[in-house]
file upload17.tsv (TSV, C-alpha atoms and all ligand atoms)
chain	number	residue	atom	x	y	z
A	1	MET	CA	75.83	55.93	6.91
A	2	THR	CA	75.47	53.39	9.70
A	3	HIS	CA	78.14	53.67	12.39
A	4	PRO	CA	80.91	51.08	12.15
A	5	ARG	CA	81.03	48.17	14.60
A	6	LEU	CA	83.52	48.86	17.41
A	7	ILE	CA	85.59	46.20	19.15
A	8	GLU	CA	87.41	47.73	22.12
A	9	TYR	CA	90.35	45.73	23.45
A	10	PRO	CA	91.70	46.07	27.02
A	11	SER	CA	95.26	46.73	25.79
A	12	ARG	CA	97.33	47.16	22.61
A	13	GLU	CA	98.69	43.63	23.15
A	14	ALA	CA	95.13	42.30	23.19
A	15	LEU	CA	94.40	44.26	20.00
A	16	THR	CA	97.49	42.77	18.34
A	17	ASP	CA	96.62	39.22	19.39
A	18	GLY	CA	92.88	39.49	18.73
A	19	LEU	CA	93.07	40.99	15.26
A	20	ALA	CA	95.96	38.74	14.13
A	21	ALA	CA	94.09	35.64	15.32
A	22	TYR	CA	90.90	36.75	13.59
A	23	LEU	CA	92.68	37.49	10.27
A	24	ALA	CA	94.62	34.21	10.34
A	25	ALA	CA	91.40	32.25	10.88
A	26	ARG	CA	89.58	34.14	8.09
A	27	LEU	CA	92.44	33.65	5.62
A	28	ALA	CA	92.59	29.92	6.44
A	29	ASP	CA	88.84	29.65	6.00
A	30	LEU	CA	88.89	31.52	2.66
A	31	VAL	CA	91.71	29.33	1.32
A	32	ALA	CA	89.90	26.17	2.46
A	33	THR	CA	86.58	27.19	0.90
A	34	THR	CA	87.63	29.08	-2.27
A	35	GLY	CA	91.26	28.02	-2.82
A	36	ARG	CA	92.62	31.56	-2.46
A	37	ALA	CA	92.49	34.72	-0.38
A	38	ALA	CA	93.52	38.32	-1.08
A	39	ILE	CA	94.26	40.81	1.68
A	40	ALA	CA	95.40	44.45	1.67
A	41	LEU	CA	97.37	45.58	4.72
A	42	SER	CA	98.29	49.03	6.01
A	43	GLY	CA	101.63	50.42	6.95
A	44	GLY	CA	102.37	53.28	9.31
A	45	SER	CA	103.35	53.08	12.96
A	46	THR	CA	100.41	51.10	14.38
A	47	PRO	CA	100.20	47.63	12.81
A	48	GLY	CA	103.81	46.30	13.13
A	49	PRO	CA	103.31	43.87	16.04
A	50	MET	CA	100.01	42.64	14.59
A	51	LEU	CA	101.71	42.00	11.22
A	52	THR	CA	104.48	40.01	12.91
A	53	ARG	CA	101.94	37.89	14.77
A	54	LEU	CA	99.83	37.35	11.64
A	55	GLY	CA	102.92	36.32	9.64
A	56	GLU	CA	103.61	33.52	12.14
A	57	ALA	CA	100.21	31.92	11.50
A	58	ASP	CA	100.27	28.37	10.21
A	59	LEU	CA	98.18	28.50	7.03
A	60	HIS	CA	98.57	27.93	3.29
A	61	TRP	CA	100.26	31.27	2.64
A	62	GLU	CA	101.17	30.18	-0.91
A	63	ASP	CA	97.46	30.58	-1.72
A	64	VAL	CA	97.26	34.07	-0.20
A	65	VAL	CA	97.83	37.29	-2.15
A	66	VAL	CA	99.06	40.20	-0.03
A	67	THR	CA	99.08	43.82	-1.12
A	68	LEU	CA	99.15	47.19	0.65
A	69	THR	CA	96.39	49.74	1.10
A	70	ASP	CA	98.92	52.42	0.10
A	71	GLU	CA	102.59	53.01	-0.44
A	72	ARG	CA	105.03	55.88	-0.14
A	73	GLN	CA	106.92	56.23	-3.41
A	74	VAL	CA	110.31	55.44	-1.96
A	75	PRO	CA	112.40	52.34	-2.67
A	76	PRO	CA	111.53	49.25	-0.58
A	77	SER	CA	114.88	49.59	1.20
A	78	SER	CA	113.69	52.85	2.81
A	79	PRO	CA	112.43	52.64	6.39
A	80	ARG	CA	109.57	54.90	5.22
A	81	SER	CA	108.36	52.22	2.80
A	82	ASN	CA	105.30	50.20	3.83
A	83	GLN	CA	106.73	47.29	1.82
A	84	HIS	CA	109.82	47.56	4.04
A	85	LEU	CA	107.56	47.28	7.09
A	86	LEU	CA	106.00	44.07	5.71
A	87	ALA	CA	109.47	42.66	5.04
A	88	GLU	CA	110.45	43.34	8.66
A	89	THR	CA	107.24	41.91	10.13
A	90	LEU	CA	104.75	39.77	8.16
A	91	PHE	CA	107.25	38.26	5.74
A	92	ARG	CA	109.70	37.26	8.48
A	93	GLY	CA	107.34	34.38	9.23
A	94	ALA	CA	105.54	31.66	7.29
A	95	ALA	CA	103.81	34.45	5.33
A	96	ALA	CA	107.00	34.77	3.25
A	97	ALA	CA	105.36	32.13	1.01
A	98	ALA	CA	102.52	34.51	0.05
A	99	VAL	CA	102.28	36.21	-3.34
A	100	PHE	CA	103.04	39.92	-2.85
A	101	VAL	CA	101.72	42.69	-5.09
A	102	PRO	CA	103.67	45.91	-4.39
A	103	LEU	CA	102.32	49.42	-4.90
A	104	TYR	CA	105.77	50.72	-5.82
A	105	ALA	CA	107.29	50.34	-9.25
A	106	PRO	CA	110.77	51.67	-9.92
A	107	ALA	CA	110.11	54.30	-12.57
A	108	PRO	CA	111.47	57.78	-13.35
A	109	GLU	CA	108.22	59.33	-12.03
A	110	PRO	CA	105.70	57.64	-9.69
A	111	ALA	CA	102.91	58.11	-12.25
A	112	ASP	CA	104.89	56.00	-14.74
A	113	GLY	CA	104.41	52.93	-12.56
A	114	LEU	CA	100.63	53.23	-12.17
A	115	GLU	CA	99.63	51.18	-15.20
A	116	ALA	CA	101.80	48.20	-14.24
A	117	ILE	CA	100.58	48.35	-10.64
A	118	ALA	CA	96.94	48.44	-11.76
A	119	ALA	CA	97.54	45.45	-14.04
A	120	SER	CA	99.12	43.42	-11.21
A	121	LEU	CA	96.29	44.32	-8.87
A	122	ASN	CA	93.67	43.32	-11.44
A	123	ASN	CA	95.44	40.07	-12.30
A	124	LEU	CA	96.31	38.91	-8.80
A	125	ALA	CA	94.64	40.75	-5.95
A	126	LEU	CA	91.21	42.06	-6.91
A	127	PRO	CA	88.60	41.80	-5.68
A	128	LEU	CA	90.04	41.91	-2.19
A	129	ASP	CA	88.64	39.55	0.39
A	130	ILE	CA	89.90	41.64	3.31
A	131	ALA	CA	91.18	45.20	3.73
A	132	VAL	CA	92.90	46.15	6.99
A	133	LEU	CA	93.11	49.92	7.22
A	134	GLY	CA	94.71	52.42	9.53
A	135	MET	CA	93.89	56.06	10.13
A	136	GLY	CA	95.87	59.20	10.93
A	137	THR	CA	94.67	61.85	13.36
A	138	ASP	CA	94.05	64.00	10.27
A	139	MET	CA	91.35	61.42	9.34
A	140	HIS	CA	93.25	60.03	6.36
A	141	THR	CA	93.08	56.34	5.62
A	142	ALA	CA	95.26	54.43	3.17
A	143	SER	CA	96.71	57.53	1.42
A	144	LEU	CA	93.34	59.27	1.05
A	145	PHE	CA	94.43	62.54	2.68
A	146	PRO	CA	92.18	65.57	3.19
A	147	GLY	CA	93.21	68.28	0.73
A	148	ALA	CA	95.33	65.93	-1.39
A	149	VAL	CA	95.89	66.31	-5.09
A	150	GLY	CA	94.36	63.11	-6.42
A	151	LEU	CA	91.76	62.71	-3.66
A	152	ASP	CA	88.75	63.35	-5.91
A	153	ALA	CA	90.14	60.94	-8.50
A	154	ALA	CA	90.62	58.26	-5.83
A	155	LEU	CA	87.11	58.75	-4.40
A	156	ALA	CA	85.36	58.64	-7.79
A	157	ALA	CA	83.03	55.70	-8.42
A	158	ASP	CA	84.92	54.92	-11.63
A	159	ALA	CA	88.40	55.36	-10.13
A	160	PRO	CA	91.15	53.04	-11.36
A	161	PRO	CA	92.45	50.58	-8.73
A	162	ALA	CA	95.56	52.62	-7.87
A	163	VAL	CA	95.80	56.41	-7.76
A	164	LEU	CA	98.74	58.78	-7.30
A	165	ILE	CA	98.34	61.12	-4.33
A	166	THR	CA	100.34	64.14	-3.27
A	167	ALA	CA	99.30	65.70	-0.01
A	168	PRO	CA	100.45	68.56	2.21
A	169	GLY	CA	100.63	66.15	5.17
A	170	ALA	CA	102.74	63.55	3.33
A	171	GLU	CA	106.48	63.83	2.79
A	172	GLU	CA	106.55	62.05	-0.57
A	173	PRO	CA	104.08	61.11	-3.31
A	174	ARG	CA	101.98	58.04	-2.51
A	175	ILE	CA	100.08	55.44	-4.45
A	176	THR	CA	96.84	54.40	-2.79
A	177	LEU	CA	94.16	51.84	-3.48
A	178	SER	CA	91.13	53.78	-4.62
A	179	ALA	CA	87.88	54.05	-2.69
A	180	PRO	CA	85.98	51.64	-4.99
A	181	VAL	CA	88.64	48.95	-4.48
A	182	LEU	CA	88.53	49.38	-0.69
A	183	GLN	CA	84.73	49.51	-0.71
A	184	GLY	CA	84.66	46.34	-2.83
A	185	ALA	CA	86.59	44.29	-0.27
A	186	GLY	CA	84.63	41.40	1.23
A	187	GLU	CA	85.32	42.84	4.67
A	188	ARG	CA	86.95	45.96	6.03
A	189	HIS	CA	88.75	46.43	9.33
A	190	LEU	CA	90.09	49.68	10.77
A	191	MET	CA	92.87	49.29	13.35
A	192	ILE	CA	93.43	52.32	15.58
A	193	ALA	CA	95.21	52.84	18.89
A	194	GLY	CA	95.14	55.83	21.22
A	195	ALA	CA	92.54	58.28	22.42
A	196	ASP	CA	93.59	60.81	19.75
A	197	LYS	CA	92.68	58.35	16.99
A	198	ARG	CA	89.35	57.56	18.60
A	199	ALA	CA	88.59	61.28	18.86
A	200	ALA	CA	89.54	61.68	15.18
A	201	LEU	CA	87.15	58.88	14.23
A	202	GLU	CA	84.32	60.51	16.22
A	203	ARG	CA	85.13	63.82	14.52
A	204	ALA	CA	85.01	62.19	11.09
A	205	LEU	CA	81.61	60.68	11.84
A	206	SER	CA	80.26	64.00	13.04
A	207	LEU	CA	81.66	65.90	10.03
A	208	GLY	CA	80.06	63.49	7.57
A	209	ASP	CA	82.05	64.94	4.66
A	210	VAL	CA	84.36	62.48	2.92
A	211	ARG	CA	86.61	65.21	1.48
A	212	GLN	CA	87.32	66.61	4.94
A	213	ALA	CA	87.40	63.16	6.53
A	214	PRO	CA	88.40	60.59	3.89
A	215	VAL	CA	88.22	57.72	6.40
A	216	LEU	CA	84.44	57.96	5.91
A	217	ALA	CA	84.95	56.33	2.49
A	218	VAL	CA	85.74	52.97	4.12
A	219	LEU	CA	83.51	52.91	7.21
A	220	GLU	CA	80.40	51.31	5.73
A	221	ASP	CA	80.20	47.71	7.06
A	222	CYS	CA	83.60	48.23	8.68
A	223	THR	CA	84.78	46.82	12.00
A	224	VAL	CA	86.87	49.22	14.07
A	225	HIS	CA	89.47	47.52	16.31
A	226	TYR	CA	90.52	49.91	19.06
A	227	ALA	CA	92.73	50.02	22.14
A	228	ASP	CA	93.91	53.01	24.19
A	301	LIG	O1	100.75	57.03	6.27
A	301	LIG	C1	100.10	56.12	6.68
A	301	LIG	O2	99.32	56.35	7.73
A	301	LIG	C2	98.20	55.55	8.06
A	301	LIG	C3	98.09	55.63	9.58
A	301	LIG	O3	99.37	55.36	10.11
A	301	LIG	P1	99.78	55.51	11.63
A	301	LIG	O4	101.27	55.75	11.61
A	301	LIG	O5	99.04	56.67	12.22
A	301	LIG	O6	99.44	54.20	12.27
A	301	LIG	C4	98.35	54.13	7.55
A	301	LIG	O7	97.14	53.45	7.69
A	301	LIG	C5	98.83	54.14	6.11
A	301	LIG	O8	98.91	52.82	5.58
A	301	LIG	C6	100.18	54.78	6.07
A	301	LIG	O9	100.72	54.78	4.77
call {"tool": "encode", "arguments": {"input": "upload17.tsv", "output": "structure tokens"}}
result
Amino acid sequence: MTHPRLIEYPSREALTDGLAAYLAARLADLVATTGRAAIALSGGSTPGPMLTRLGEADLHWEDVVVTLTDERQVPPSSPRSNQHLLAETLFRGAAAAAVFVPLYAPAPEPADGLEAIAASLNNLALPLDIAVLGMGTDMHTASLFPGAVGLDAALAADAPPAVLITAPGAEEPRITLSAPVLQGAGERHLMIAGADKRAALERALSLGDVRQAPVLAVLEDCTVHYAD
């Protein structure tokens, strides 16, 4: 695998501003040239300020489909929900006009919602134009966790678009976009901050084993956006 492109920003503020400006320009360009754009965004603790900035962008959000790379199977009212994070950041701005495809369906068991989520993804969001990923220090991306039940299913070439994951490192079951969906995005970006994340990325590249370091599944033709 070729190493991903690395853009190193002088500060986290510069990372926020630079990536948000890039994504806003790309979405505007996609809408102008094709009439639509579909983007998958990550949750977690890193992207909040970037999502707020992106949501303020002046573009035709009504022609943009937004989904998540992964979701904790908790109601959207929970602070642990990635959908909740979008509501508090991206969708506070003009981006509220976008079409949103959630990865959470209220159902007795998380697996019961998978079929409806896959149908919504197929109808509205796929193929993705852009995937913006994050990474944990355990080298997970989206909810592709090392050692997870469901990891092999999510990495398979014929994986469905959304896969249920339970992982030792995750407090609740998750639904993640599968590797083929993320690999099929027109462009991939990995947003990481902190020396520990950079070291984890280097470790993943040196391990070279996608089951130990699932982030490897999305690094081909990926741009890494990094600040200390
Ligand atoms: O659990 C998650 O973690 C990753 C990384 O999050 P961070 O808190 O270390 O920034 C994130 O990309 C993913 O969407 C999220 O569900």
call {"tool": "residues_near_ligand", "arguments": {"input": "upload17.tsv", "ligand": "ligand LIG 301 (chain A)", "cutoff": "8 Å", "atoms": "only C-alpha atoms and all ligand atoms", "output": "PyMOL selection string"}}
result
chain A and resi 41-47+68-72+82+133-137+140-143+170+192-193
call {"tool": "closest_residue", "arguments": {"input": "upload17.tsv", "among": "A:Val163, A:Ile117, A:Ala213, A:Met191", "to": "Leu15 (chain A)", "atoms": "all atoms listed in the file"}}
result
A:Met191
call {"tool": "atom_distance", "arguments": {"input": "upload17.tsv", "atom1": "CA of Val101 (chain A)", "atom2": "CA of Val210 (chain A)"}}
result
27.5 Å
call {"tool": "closest_residue", "arguments": {"input": "upload17.tsv", "among": "A:Ile165, A:Leu205, A:Leu151, A:Leu90", "to": "Pro4 (chain A)", "atoms": "all atoms listed in the file"}}
result
A:Leu205
call {"tool": "atom_distance", "arguments": {"input": "upload17.tsv", "atom1": "CA of Val31 (chain A)", "atom2": "CA of Leu59 (chain A)"}}
result
8.7 Å
call {"tool": "atom_distance", "arguments": {"input": "upload17.tsv", "atom1": "CA of Pro75 (chain A)", "atom2": "CA of Ala37 (chain A)"}}
result
26.7 Å
call {"tool": "residues_around", "arguments": {"input": "upload17.tsv", "residues": "Ala87 (chain A)", "least_positions_apart": "5", "cutoff": "9 Å", "atoms": "only C-alpha atoms", "output": "list of chain:residue names"}}
result
A:Pro76, A:Asn82, A:Arg92, A:Ala96
call {"tool": "residues_around", "arguments": {"input": "upload17.tsv", "residues": "Leu51 (chain A)", "least_positions_apart": "6", "cutoff": "9 Å", "atoms": "all atoms listed in the file", "output": "compact mmCIF listing (two decimals) with C-alpha atoms, in the frame of the given file"}}
result
# COMPACT_ATOMS: atom_id res chain seq x y z
CA THR A 16 97.49 42.77 18.34
CA ALA A 20 95.96 38.74 14.13
CA LEU A 41 97.37 45.58 4.72
CA LEU A 85 107.56 47.28 7.09
CA LEU A 86 106.00 44.07 5.71
CA THR A 89 107.24 41.91 10.13
CA LEU A 90 104.75 39.77 8.16
CA PHE A 91 107.25 38.26 5.74
call {"tool": "residues_around", "arguments": {"input": "upload17.tsv", "residues": "Ala25 (chain A)", "least_positions_apart": "3", "cutoff": "12 Å", "atoms": "all atoms listed in the file", "output": "PyMOL selection string"}}
result
chain A and resi 18-22+28-32+37+54+57-60
call {"tool": "residues_around", "arguments": {"input": "upload17.tsv", "residues": "Pro160 (chain A)", "least_positions_apart": "6", "cutoff": "12 Å", "atoms": "only C-alpha atoms", "output": "number ranges by chain"}}
result
A: 114-115, 117-119, 121-122, 126, 150, 152-154, 175-182
call {"tool": "closest_residue", "arguments": {"input": "upload17.tsv", "among": "A:Met139, A:Met50, A:Leu201, A:Ile130", "to": "Thr67 (chain A)", "atoms": "all atoms listed in the file"}}
result
A:Ile130
call {"tool": "closest_residue", "arguments": {"input": "upload17.tsv", "among": "A:Ser81, A:Ser120, A:Gln73, A:Thr52", "to": "Tyr104 (chain A)", "atoms": "only C-alpha atoms"}}
result
A:Gln73
